[in-house]
Amino acid sequence: MYIAQKKINMPQKIAVEDHFVEDIVKEMAINMGAVFTEEDNITSFKIPEINGTGEVSAVQFASGLGIMNSDYKLNEDLVLKMNKNLINPLKFVFNLGDTFYHNFGKEGDFESIPKYSGAIIGSSIGKTHSFKIPKDKNIHMFSLELNRNLFEHKLASFKFDLGDELSKLLRDVRAINPFFYTYPFGSEEFDMIHKILNNTKKGFIGSLYKEGITYTILSNTLETYLGNTFEDHTDTLSEKEINQIINISKYVEDNLSDLPTIEEIASKNFISESKLQKLFNIYYSCSVHDFTRNKRLDQARILLEKSKLTIAEIADELGIRSNSYFSKIFKERYGVTPSKYKNSRLSEIRVY
């Protein structure tokens, strides 16, 4: 554990080497006069009170892939300058909070990265690049950081052609060409990021769990970059609409036992039923009804595994008034009836 000698006022610009995520966190902590810890494969530090509130953490995996989570509010504007380095990782950035900014070496020439936007950022070996963090904003930046030099060993094991676009992006191991691409990320990435952040597993199992989800996020992001994920979506949701649908989704999940009608849910949120359905179809690629059914089935499996409730009690707990309908939709999803699931070895297997 590194312990700073004293707390200091944070400078308006912090410069760190753009290399492994745990080293970036350590350098940030030292620059802020903070204490960093290394425990359970996580390197982290809390923002000193004199500078703001929040925390920065990182996990480094094998094959050059790492994740970094920055969740804070600062008292003063900050420019985080990433110095040119032999590594210069490819960054897959997800903005879960207020808008922050990025540029390649030119002061004042910053590109905005708004809430619920993703960005793929590749710096070059000959240039610095920077993130501009505004004061008094709820900043929440989650990023995957890929050391392309180390990752090349993984790519070399594949027996198929990556194609020109992915090769340019992933095989620029010397970081010759700067790269910047932004896009709106979807509900699947949002949910997976929160699974990583809310994970309670420790040690090897916890690290393996987070690494598995991280690779899925990477795969989805590359698919989006190639134009395969959003090609059928002619509508792009605004930040206000995404906030609205996330709040409605949480309301649905919290009220499965006694859920109002779709019309009533729409009315409570001051939108039409057709607009509500449109939001769900764009963001979740399913109707409100299908979303609700999927959440009920997810919770049903957990209750069958962990509770002593009867099948009828579980159905009632989830707002499903017909036991035969519960059995039907459960079997459609999991291949067995609830009673067989509860009494079989399946109930001892966690499905993620």
# chains A, B, ... in the order shown; residues from 1 in each chain; ligands from 1

$ select_by_dssp --residues "segment 159-351 of chain A" --states "helix (DSSP H, G or I)" --output "ChimeraX atom specification"
/A:164-170,187-197,203-225,239-254,256-258,262-268,273-283,288-306,311-317,323-334,338-343,345-348

$ select_by_dssp --residues "segment 69-261 of chain A" --states "strand (DSSP E or B)" --output "PyMOL selection string"
chain A and resi 69-74+78-83+90-95+100-103+111-113+117-122+129-133+139-146+179-184

$ write_last_selection --atoms "N, CA and C atoms" --output "short mmCIF file (atom, residue, chain, number, x, y, z; two decimals), in the first residue's frame"
data_model
loop_
_atom_site.label_atom_id
_atom_site.label_comp_id
_atom_site.auth_asym_id
_atom_site.auth_seq_id
_atom_site.Cartn_x
_atom_site.Cartn_y
_atom_site.Cartn_z
N ASN A 69 -12.61 2.21 -13.59
CA ASN A 69 -13.87 2.86 -13.25
C ASN A 69 -13.59 4.14 -12.47
N SER A 70 -14.01 5.29 -13.03
CA SER A 70 -13.81 6.59 -12.39
C SER A 70 -15.18 7.18 -12.09
N ASP A 71 -15.52 7.27 -10.81
CA ASP A 71 -16.84 7.73 -10.38
C ASP A 71 -16.64 8.80 -9.32
N TYR A 72 -16.74 10.09 -9.72
CA TYR A 72 -16.41 11.16 -8.78
C TYR A 72 -17.04 12.49 -9.17
N LYS A 73 -16.96 13.44 -8.26
CA LYS A 73 -17.31 14.83 -8.49
C LYS A 73 -16.17 15.68 -7.96
N LEU A 74 -15.59 16.53 -8.80
CA LEU A 74 -14.42 17.32 -8.43
C LEU A 74 -14.81 18.77 -8.13
N LEU A 78 -10.52 19.80 -14.22
CA LEU A 78 -9.28 19.03 -14.30
C LEU A 78 -9.04 18.58 -15.73
N VAL A 79 -7.79 18.70 -16.19
CA VAL A 79 -7.37 18.09 -17.44
C VAL A 79 -6.45 16.93 -17.10
N LEU A 80 -6.87 15.72 -17.46
CA LEU A 80 -6.07 14.52 -17.22
C LEU A 80 -5.31 14.20 -18.50
N LYS A 81 -4.02 14.52 -18.49
CA LYS A 81 -3.19 14.37 -19.68
C LYS A 81 -2.54 12.99 -19.68
N MET A 82 -2.78 12.23 -20.77
CA MET A 82 -2.20 10.91 -20.92
C MET A 82 -0.93 11.04 -21.77
N ASN A 83 0.22 10.96 -21.12
CA ASN A 83 1.49 11.13 -21.83
C ASN A 83 1.75 9.98 -22.79
N LEU A 90 -5.56 0.96 -26.38
CA LEU A 90 -6.81 1.30 -27.05
C LEU A 90 -7.89 1.36 -25.98
N LYS A 91 -8.62 2.48 -25.91
CA LYS A 91 -9.59 2.70 -24.84
C LYS A 91 -11.02 2.57 -25.38
N PHE A 92 -11.83 1.79 -24.68
CA PHE A 92 -13.25 1.69 -24.98
C PHE A 92 -13.98 2.34 -23.80
N VAL A 93 -14.42 3.57 -23.98
CA VAL A 93 -14.92 4.40 -22.89
C VAL A 93 -16.45 4.40 -22.91
N PHE A 94 -17.06 4.26 -21.72
CA PHE A 94 -18.51 4.31 -21.57
C PHE A 94 -18.85 5.39 -20.55
N ASN A 95 -19.64 6.37 -20.98
CA ASN A 95 -20.00 7.47 -20.08
C ASN A 95 -21.34 7.18 -19.41
N PHE A 100 -18.12 14.68 -20.28
CA PHE A 100 -16.72 15.06 -20.18
C PHE A 100 -16.17 15.15 -21.60
N TYR A 101 -14.87 15.47 -21.74
CA TYR A 101 -14.34 15.84 -23.06
C TYR A 101 -12.99 15.17 -23.30
N HIS A 102 -12.63 15.06 -24.59
CA HIS A 102 -11.36 14.43 -24.97
C HIS A 102 -10.75 15.19 -26.14
N ASN A 103 -9.40 15.23 -26.15
CA ASN A 103 -8.74 15.74 -27.34
C ASN A 103 -7.39 15.07 -27.55
N GLU A 111 -13.42 17.18 -27.96
CA GLU A 111 -14.65 16.52 -28.40
C GLU A 111 -15.44 16.11 -27.17
N SER A 112 -16.76 16.36 -27.17
CA SER A 112 -17.58 15.98 -26.02
C SER A 112 -17.95 14.50 -26.09
N ILE A 113 -18.04 13.88 -24.92
CA ILE A 113 -18.54 12.51 -24.79
C ILE A 113 -19.73 12.58 -23.84
N SER A 117 -23.02 7.75 -23.95
CA SER A 117 -22.26 7.60 -25.19
C SER A 117 -21.01 6.76 -24.91
N GLY A 118 -20.63 6.00 -25.92
CA GLY A 118 -19.37 5.28 -25.86
C GLY A 118 -18.37 5.91 -26.79
N ALA A 119 -17.10 5.67 -26.54
CA ALA A 119 -16.06 6.19 -27.42
C ALA A 119 -14.93 5.17 -27.49
N ILE A 120 -14.45 4.92 -28.70
CA ILE A 120 -13.24 4.11 -28.90
C ILE A 120 -12.12 5.09 -29.20
N ILE A 121 -11.09 5.08 -28.36
CA ILE A 121 -10.02 6.08 -28.48
C ILE A 121 -8.67 5.37 -28.60
N GLY A 122 -7.99 5.64 -29.68
CA GLY A 122 -6.65 5.11 -29.87
C GLY A 122 -5.67 6.25 -30.04
N HIS A 129 -2.69 12.71 -25.36
CA HIS A 129 -4.11 13.00 -25.46
C HIS A 129 -4.64 13.24 -24.06
N SER A 130 -5.79 13.92 -23.96
CA SER A 130 -6.26 14.39 -22.66
C SER A 130 -7.76 14.23 -22.51
N PHE A 131 -8.18 14.07 -21.24
CA PHE A 131 -9.58 14.12 -20.87
C PHE A 131 -9.80 15.39 -20.05
N LYS A 132 -10.82 16.15 -20.38
CA LYS A 132 -11.17 17.34 -19.63
C LYS A 132 -12.38 17.02 -18.76
N ILE A 133 -12.20 17.16 -17.44
CA ILE A 133 -13.23 16.83 -16.47
C ILE A 133 -13.76 18.12 -15.85
N ILE A 139 -19.30 12.76 -12.60
CA ILE A 139 -18.55 12.06 -13.65
C ILE A 139 -18.51 10.57 -13.33
N HIS A 140 -18.89 9.76 -14.33
CA HIS A 140 -18.78 8.31 -14.17
C HIS A 140 -18.31 7.72 -15.50
N MET A 141 -17.02 7.50 -15.57
CA MET A 141 -16.37 6.98 -16.77
C MET A 141 -15.90 5.55 -16.51
N PHE A 142 -16.46 4.61 -17.28
CA PHE A 142 -16.02 3.21 -17.21
C PHE A 142 -15.31 2.90 -18.52
N SER A 143 -14.14 2.27 -18.44
CA SER A 143 -13.40 2.02 -19.68
C SER A 143 -12.73 0.66 -19.67
N LEU A 144 -12.68 0.07 -20.88
CA LEU A 144 -11.85 -1.11 -21.15
C LEU A 144 -10.57 -0.58 -21.78
N GLU A 145 -9.44 -1.07 -21.32
CA GLU A 145 -8.16 -0.59 -21.84
C GLU A 145 -7.38 -1.79 -22.38
N LEU A 146 -7.03 -1.71 -23.67
CA LEU A 146 -6.45 -2.85 -24.36
C LEU A 146 -5.02 -2.55 -24.81
N PHE A 179 -7.08 7.38 -33.28
CA PHE A 179 -8.42 6.91 -33.65
C PHE A 179 -9.43 7.44 -32.65
N PHE A 180 -10.58 7.93 -33.15
CA PHE A 180 -11.64 8.41 -32.25
C PHE A 180 -12.99 8.12 -32.90
N TYR A 181 -13.84 7.39 -32.18
CA TYR A 181 -15.15 6.98 -32.71
C TYR A 181 -16.15 7.00 -31.56
N THR A 182 -17.27 7.70 -31.73
CA THR A 182 -18.29 7.74 -30.69
C THR A 182 -19.59 7.12 -31.21
N TYR A 183 -20.41 6.64 -30.27
CA TYR A 183 -21.65 5.96 -30.61
C TYR A 183 -22.51 5.87 -29.35
N PRO A 184 -23.82 5.68 -29.47
CA PRO A 184 -24.67 5.46 -28.30
C PRO A 184 -24.65 3.98 -27.91
#

$ residues_around --residues "Pro89 of chain A" --least-positions-apart "3" --cutoff "10 Å" --atoms "only C-alpha atoms" --output "tab-separated table (two decimals) with C-alpha atoms, in the first residue's frame"
chain	number	residue	atom	x	y	z
A	18	ASP	CA	-0.73	5.99	-20.68
A	19	HIS	CA	0.03	2.37	-19.82
A	20	PHE	CA	-1.44	-0.41	-17.60
A	21	VAL	CA	-4.62	0.59	-15.76
A	64	GLY	CA	-3.36	-6.97	-22.05
A	65	LEU	CA	-7.00	-6.23	-21.19
A	66	GLY	CA	-7.96	-4.13	-18.16
A	85	ASN	CA	4.02	5.83	-23.94
A	86	LEU	CA	5.20	2.63	-25.60
A	92	PHE	CA	-13.25	1.69	-24.98
A	121	ILE	CA	-10.02	6.08	-28.48
A	122	GLY	CA	-6.65	5.11	-29.87
A	123	SER	CA	-3.79	7.49	-29.18
A	124	SER	CA	-0.61	7.47	-31.21
A	144	LEU	CA	-11.85	-1.11	-21.15
A	145	GLU	CA	-8.16	-0.59	-21.84
A	146	LEU	CA	-6.45	-2.85	-24.36
A	147	ASN	CA	-2.68	-3.21	-24.64
A	148	ARG	CA	-2.58	-4.14	-28.32
A	149	ASN	CA	0.99	-5.41	-28.13
A	173	VAL	CA	0.50	-2.50	-31.96
A	175	ALA	CA	0.08	2.95	-32.00

$ residues_around --residues "Ile242 of chain A" --least-positions-apart "4" --cutoff "8 Å" --atoms "only C-alpha atoms" --output "PyMOL selection string"
chain A and resi 116+237-238+246+283

$ write_last_selection --atoms "N, CA and C atoms" --output "PDB file, in the first residue's frame"
ATOM      1  N   TYR A 116     -24.323   8.342 -21.625  1.00  0.00           N
ATOM      2  CA  TYR A 116     -24.781   7.174 -22.365  1.00  0.00           C
ATOM      3  C   TYR A 116     -24.153   7.080 -23.752  1.00  0.00           C
ATOM      4  N   LEU A 237     -32.104   7.496 -29.179  1.00  0.00           N
ATOM      5  CA  LEU A 237     -32.735   8.048 -27.992  1.00  0.00           C
ATOM      6  C   LEU A 237     -31.909   9.192 -27.432  1.00  0.00           C
ATOM      7  N   SER A 238     -32.582  10.196 -26.920  1.00  0.00           N
ATOM      8  CA  SER A 238     -31.904  11.304 -26.251  1.00  0.00           C
ATOM      9  C   SER A 238     -31.515  10.880 -24.841  1.00  0.00           C
ATOM     10  N   ILE A 246     -34.742   3.969 -18.190  1.00  0.00           N
ATOM     11  CA  ILE A 246     -34.042   3.278 -17.104  1.00  0.00           C
ATOM     12  C   ILE A 246     -34.851   3.373 -15.810  1.00  0.00           C
ATOM     13  N   TYR A 283     -34.646   0.589 -27.049  1.00  0.00           N
ATOM     14  CA  TYR A 283     -33.570   0.404 -26.070  1.00  0.00           C
ATOM     15  C   TYR A 283     -33.344  -1.062 -25.722  1.00  0.00           C
TER      16      TYR A 283
END

$ closest_residue --among "A:Lys306, A:Lys210, A:Lys201, A:His153" --to "Val59 of chain A" --atoms "only C-alpha atoms"
A:Lys210

$ closest_residue --among "A:Asn88, A:Asp164, A:Asp191, A:Ile205" --to "Pro178 of chain A" --atoms "only C-alpha atoms"
A:Asn88

$ closest_residue --among "A:Val16, A:Cys286, A:Ala156, A:Ile213" --to "Phe61 of chain A" --atoms "only C-alpha atoms"
A:Ile213

$ residues_around --residues "Lys275 of chain A" --least-positions-apart "4" --cutoff "12 Å" --atoms "only C-alpha atoms" --output "PyMOL selection string"
chain A and resi 237+241+244-245+262-263+265-267+269-271+279-282+287-288

$ write_last_selection --atoms "N, CA and C atoms" --output "PDB file, in the first residue's frame"
ATOM      1  N   LEU A 237     -32.104   7.496 -29.179  1.00  0.00           N
ATOM      2  CA  LEU A 237     -32.735   8.048 -27.992  1.00  0.00           C
ATOM      3  C   LEU A 237     -31.909   9.192 -27.432  1.00  0.00           C
ATOM      4  N   GLU A 241     -34.564  10.624 -22.712  1.00  0.00           N
ATOM      5  CA  GLU A 241     -35.352   9.410 -22.963  1.00  0.00           C
ATOM      6  C   GLU A 241     -34.698   8.177 -22.347  1.00  0.00           C
ATOM      7  N   GLN A 244     -35.311   8.232 -18.717  1.00  0.00           N
ATOM      8  CA  GLN A 244     -36.710   7.895 -18.472  1.00  0.00           C
ATOM      9  C   GLN A 244     -36.938   6.391 -18.549  1.00  0.00           C
ATOM     10  N   ILE A 245     -36.394   5.749 -19.564  1.00  0.00           N
ATOM     11  CA  ILE A 245     -36.627   4.316 -19.721  1.00  0.00           C
ATOM     12  C   ILE A 245     -35.907   3.508 -18.637  1.00  0.00           C
ATOM     13  N   ILE A 262     -49.791  -1.479 -18.467  1.00  0.00           N
ATOM     14  CA  ILE A 262     -48.864  -0.686 -19.270  1.00  0.00           C
ATOM     15  C   ILE A 262     -49.398   0.727 -19.461  1.00  0.00           C
ATOM     16  N   GLU A 263     -50.706   0.844 -19.647  1.00  0.00           N
ATOM     17  CA  GLU A 263     -51.326   2.161 -19.800  1.00  0.00           C
ATOM     18  C   GLU A 263     -51.118   3.011 -18.550  1.00  0.00           C
ATOM     19  N   ILE A 265     -48.697   2.614 -16.257  1.00  0.00           N
ATOM     20  CA  ILE A 265     -47.270   2.932 -16.133  1.00  0.00           C
ATOM     21  C   ILE A 265     -46.928   4.134 -17.013  1.00  0.00           C
ATOM     22  N   ALA A 266     -47.442   4.132 -18.245  1.00  0.00           N
ATOM     23  CA  ALA A 266     -47.207   5.250 -19.151  1.00  0.00           C
ATOM     24  C   ALA A 266     -47.774   6.543 -18.574  1.00  0.00           C
ATOM     25  N   SER A 267     -48.984   6.451 -18.039  1.00  0.00           N
ATOM     26  CA  SER A 267     -49.637   7.635 -17.476  1.00  0.00           C
ATOM     27  C   SER A 267     -48.850   8.203 -16.301  1.00  0.00           C
ATOM     28  N   ASN A 269     -45.812   8.213 -15.909  1.00  0.00           N
ATOM     29  CA  ASN A 269     -44.581   8.839 -16.402  1.00  0.00           C
ATOM     30  C   ASN A 269     -44.851   9.900 -17.467  1.00  0.00           C
ATOM     31  N   PHE A 270     -46.118  10.276 -17.611  1.00  0.00           N
ATOM     32  CA  PHE A 270     -46.520  11.397 -18.465  1.00  0.00           C
ATOM     33  C   PHE A 270     -46.122  11.202 -19.931  1.00  0.00           C
ATOM     34  N   ILE A 271     -46.247   9.953 -20.398  1.00  0.00           N
ATOM     35  CA  ILE A 271     -46.044   9.671 -21.818  1.00  0.00           C
ATOM     36  C   ILE A 271     -47.164   8.769 -22.301  1.00  0.00           C
ATOM     37  N   LEU A 279     -40.038   3.307 -26.873  1.00  0.00           N
ATOM     38  CA  LEU A 279     -38.795   3.432 -26.117  1.00  0.00           C
ATOM     39  C   LEU A 279     -38.219   2.060 -25.777  1.00  0.00           C
ATOM     40  N   PHE A 280     -39.081   1.139 -25.323  1.00  0.00           N
ATOM     41  CA  PHE A 280     -38.616  -0.197 -24.958  1.00  0.00           C
ATOM     42  C   PHE A 280     -38.109  -0.951 -26.185  1.00  0.00           C
ATOM     43  N   ASN A 281     -38.814  -0.803 -27.306  1.00  0.00           N
ATOM     44  CA  ASN A 281     -38.382  -1.515 -28.514  1.00  0.00           C
ATOM     45  C   ASN A 281     -37.046  -1.006 -29.031  1.00  0.00           C
ATOM     46  N   ILE A 282     -36.792   0.291 -28.882  1.00  0.00           N
ATOM     47  CA  ILE A 282     -35.507   0.836 -29.320  1.00  0.00           C
ATOM     48  C   ILE A 282     -34.389   0.435 -28.363  1.00  0.00           C
ATOM     49  N   SER A 287     -40.888  -5.597 -26.330  1.00  0.00           N
ATOM     50  CA  SER A 287     -42.013  -4.833 -25.815  1.00  0.00           C
ATOM     51  C   SER A 287     -41.949  -4.740 -24.295  1.00  0.00           C
ATOM     52  N   VAL A 288     -42.783  -3.873 -23.720  1.00  0.00           N
ATOM     53  CA  VAL A 288     -42.863  -3.776 -22.258  1.00  0.00           C
ATOM     54  C   VAL A 288     -43.314  -5.113 -21.670  1.00  0.00           C
TER      55      VAL A 288
END

$ atom_distance --atom1 "atom CA of Ser44 of chain A" --atom2 "atom CA of Glu189 of chain A"
22.9 Å

$ closest_residue --among "A:Thr236, A:Thr99, A:Thr337, A:Gln60" --to "Ile24 of chain A" --atoms "only C-alpha atoms"
A:Gln60

$ closest_residue --among "A:Asp161, A:Ile314, A:Ile248, A:Leu197" --to "Val56 of chain A" --atoms "only C-alpha atoms"
A:Leu197

$ closest_residue --among "A:Phe151, A:Glu264, A:Phe330, A:Ser257" --to "Leu276 of chain A" --atoms "only C-alpha atoms"
A:Glu264

$ residues_around --residues "Lys342 of chain A" --least-positions-apart "2" --cutoff "12 Å" --atoms "only C-alpha atoms" --output "tab-separated table (two decimals) with C-alpha atoms, in the first residue's frame"
chain	number	residue	atom	x	y	z
A	300	ALA	CA	-38.48	-16.95	-10.53
A	301	ARG	CA	-35.31	-18.94	-11.16
A	302	ILE	CA	-33.53	-17.20	-8.29
A	303	LEU	CA	-36.44	-17.86	-5.90
A	304	LEU	CA	-36.61	-21.51	-6.97
A	305	GLU	CA	-32.91	-21.86	-6.23
A	306	LYS	CA	-32.67	-19.94	-2.97
A	307	SER	CA	-36.08	-19.73	-1.28
A	308	LYS	CA	-38.36	-22.24	0.42
A	309	LEU	CA	-41.47	-20.81	-1.21
A	310	THR	CA	-43.85	-23.15	-3.02
A	311	ILE	CA	-44.41	-22.85	-6.77
A	314	ILE	CA	-43.45	-17.82	-6.12
A	330	PHE	CA	-41.03	-21.04	-17.37
A	334	TYR	CA	-35.68	-22.96	-19.28
A	336	VAL	CA	-38.34	-27.69	-17.71
A	337	THR	CA	-41.30	-26.91	-15.46
A	338	PRO	CA	-40.73	-24.92	-12.23
A	339	SER	CA	-41.33	-28.01	-10.08
A	340	LYS	CA	-38.80	-30.10	-12.00
A	344	SER	CA	-33.40	-31.21	-9.93
A	345	ARG	CA	-29.69	-30.54	-9.93
A	346	LEU	CA	-30.40	-27.52	-12.15
A	347	SER	CA	-31.37	-25.57	-9.06
A	348	GLU	CA	-27.81	-25.93	-7.85
A	349	ILE	CA	-26.35	-24.38	-11.00

$ decode --residues "segment 62-96 of chain A" --atoms "C-alpha atoms" --output "JSON list (two decimals), in the first residue's frame"
[["chain", "number", "residue", "atom", "x", "y", "z"],
["A", 62, "ALA", "CA", -4.32, -11.28, -18.77],
["A", 63, "SER", "CA", -3.69, -10.75, -22.50],
["A", 64, "GLY", "CA", -3.36, -6.97, -22.05],
["A", 65, "LEU", "CA", -7.00, -6.23, -21.19],
["A", 66, "GLY", "CA", -7.96, -4.13, -18.16],
["A", 67, "ILE", "CA", -10.90, -2.13, -16.82],
["A", 68, "MET", "CA", -10.96, 1.23, -15.08],
["A", 69, "ASN", "CA", -13.87, 2.86, -13.25],
["A", 70, "SER", "CA", -13.81, 6.59, -12.39],
["A", 71, "ASP", "CA", -16.84, 7.73, -10.38],
["A", 72, "TYR", "CA", -16.41, 11.16, -8.78],
["A", 73, "LYS", "CA", -17.31, 14.83, -8.49],
["A", 74, "LEU", "CA", -14.42, 17.32, -8.43],
["A", 75, "ASN", "CA", -14.30, 20.78, -6.87],
["A", 76, "GLU", "CA", -12.20, 22.22, -9.72],
["A", 77, "ASP", "CA", -11.90, 21.62, -13.46],
["A", 78, "LEU", "CA", -9.28, 19.03, -14.30],
["A", 79, "VAL", "CA", -7.37, 18.09, -17.44],
["A", 80, "LEU", "CA", -6.07, 14.52, -17.22],
["A", 81, "LYS", "CA", -3.19, 14.37, -19.68],
["A", 82, "MET", "CA", -2.20, 10.91, -20.92],
["A", 83, "ASN", "CA", 1.49, 11.13, -21.83],
["A", 84, "LYS", "CA", 2.76, 9.25, -24.86],
["A", 85, "ASN", "CA", 4.02, 5.83, -23.94],
["A", 86, "LEU", "CA", 5.20, 2.63, -25.60],
["A", 87, "ILE", "CA", 1.86, 1.02, -24.65],
["A", 88, "ASN", "CA", -0.79, 3.64, -25.51],
["A", 89, "PRO", "CA", -3.72, 1.28, -24.88],
["A", 90, "LEU", "CA", -6.81, 1.30, -27.05],
["A", 91, "LYS", "CA", -9.59, 2.70, -24.84],
["A", 92, "PHE", "CA", -13.25, 1.69, -24.98],
["A", 93, "VAL", "CA", -14.92, 4.40, -22.89],
["A", 94, "PHE", "CA", -18.51, 4.31, -21.57],
["A", 95, "ASN", "CA", -20.00, 7.47, -20.08],
["A", 96, "LEU", "CA", -22.51, 6.69, -17.30]]
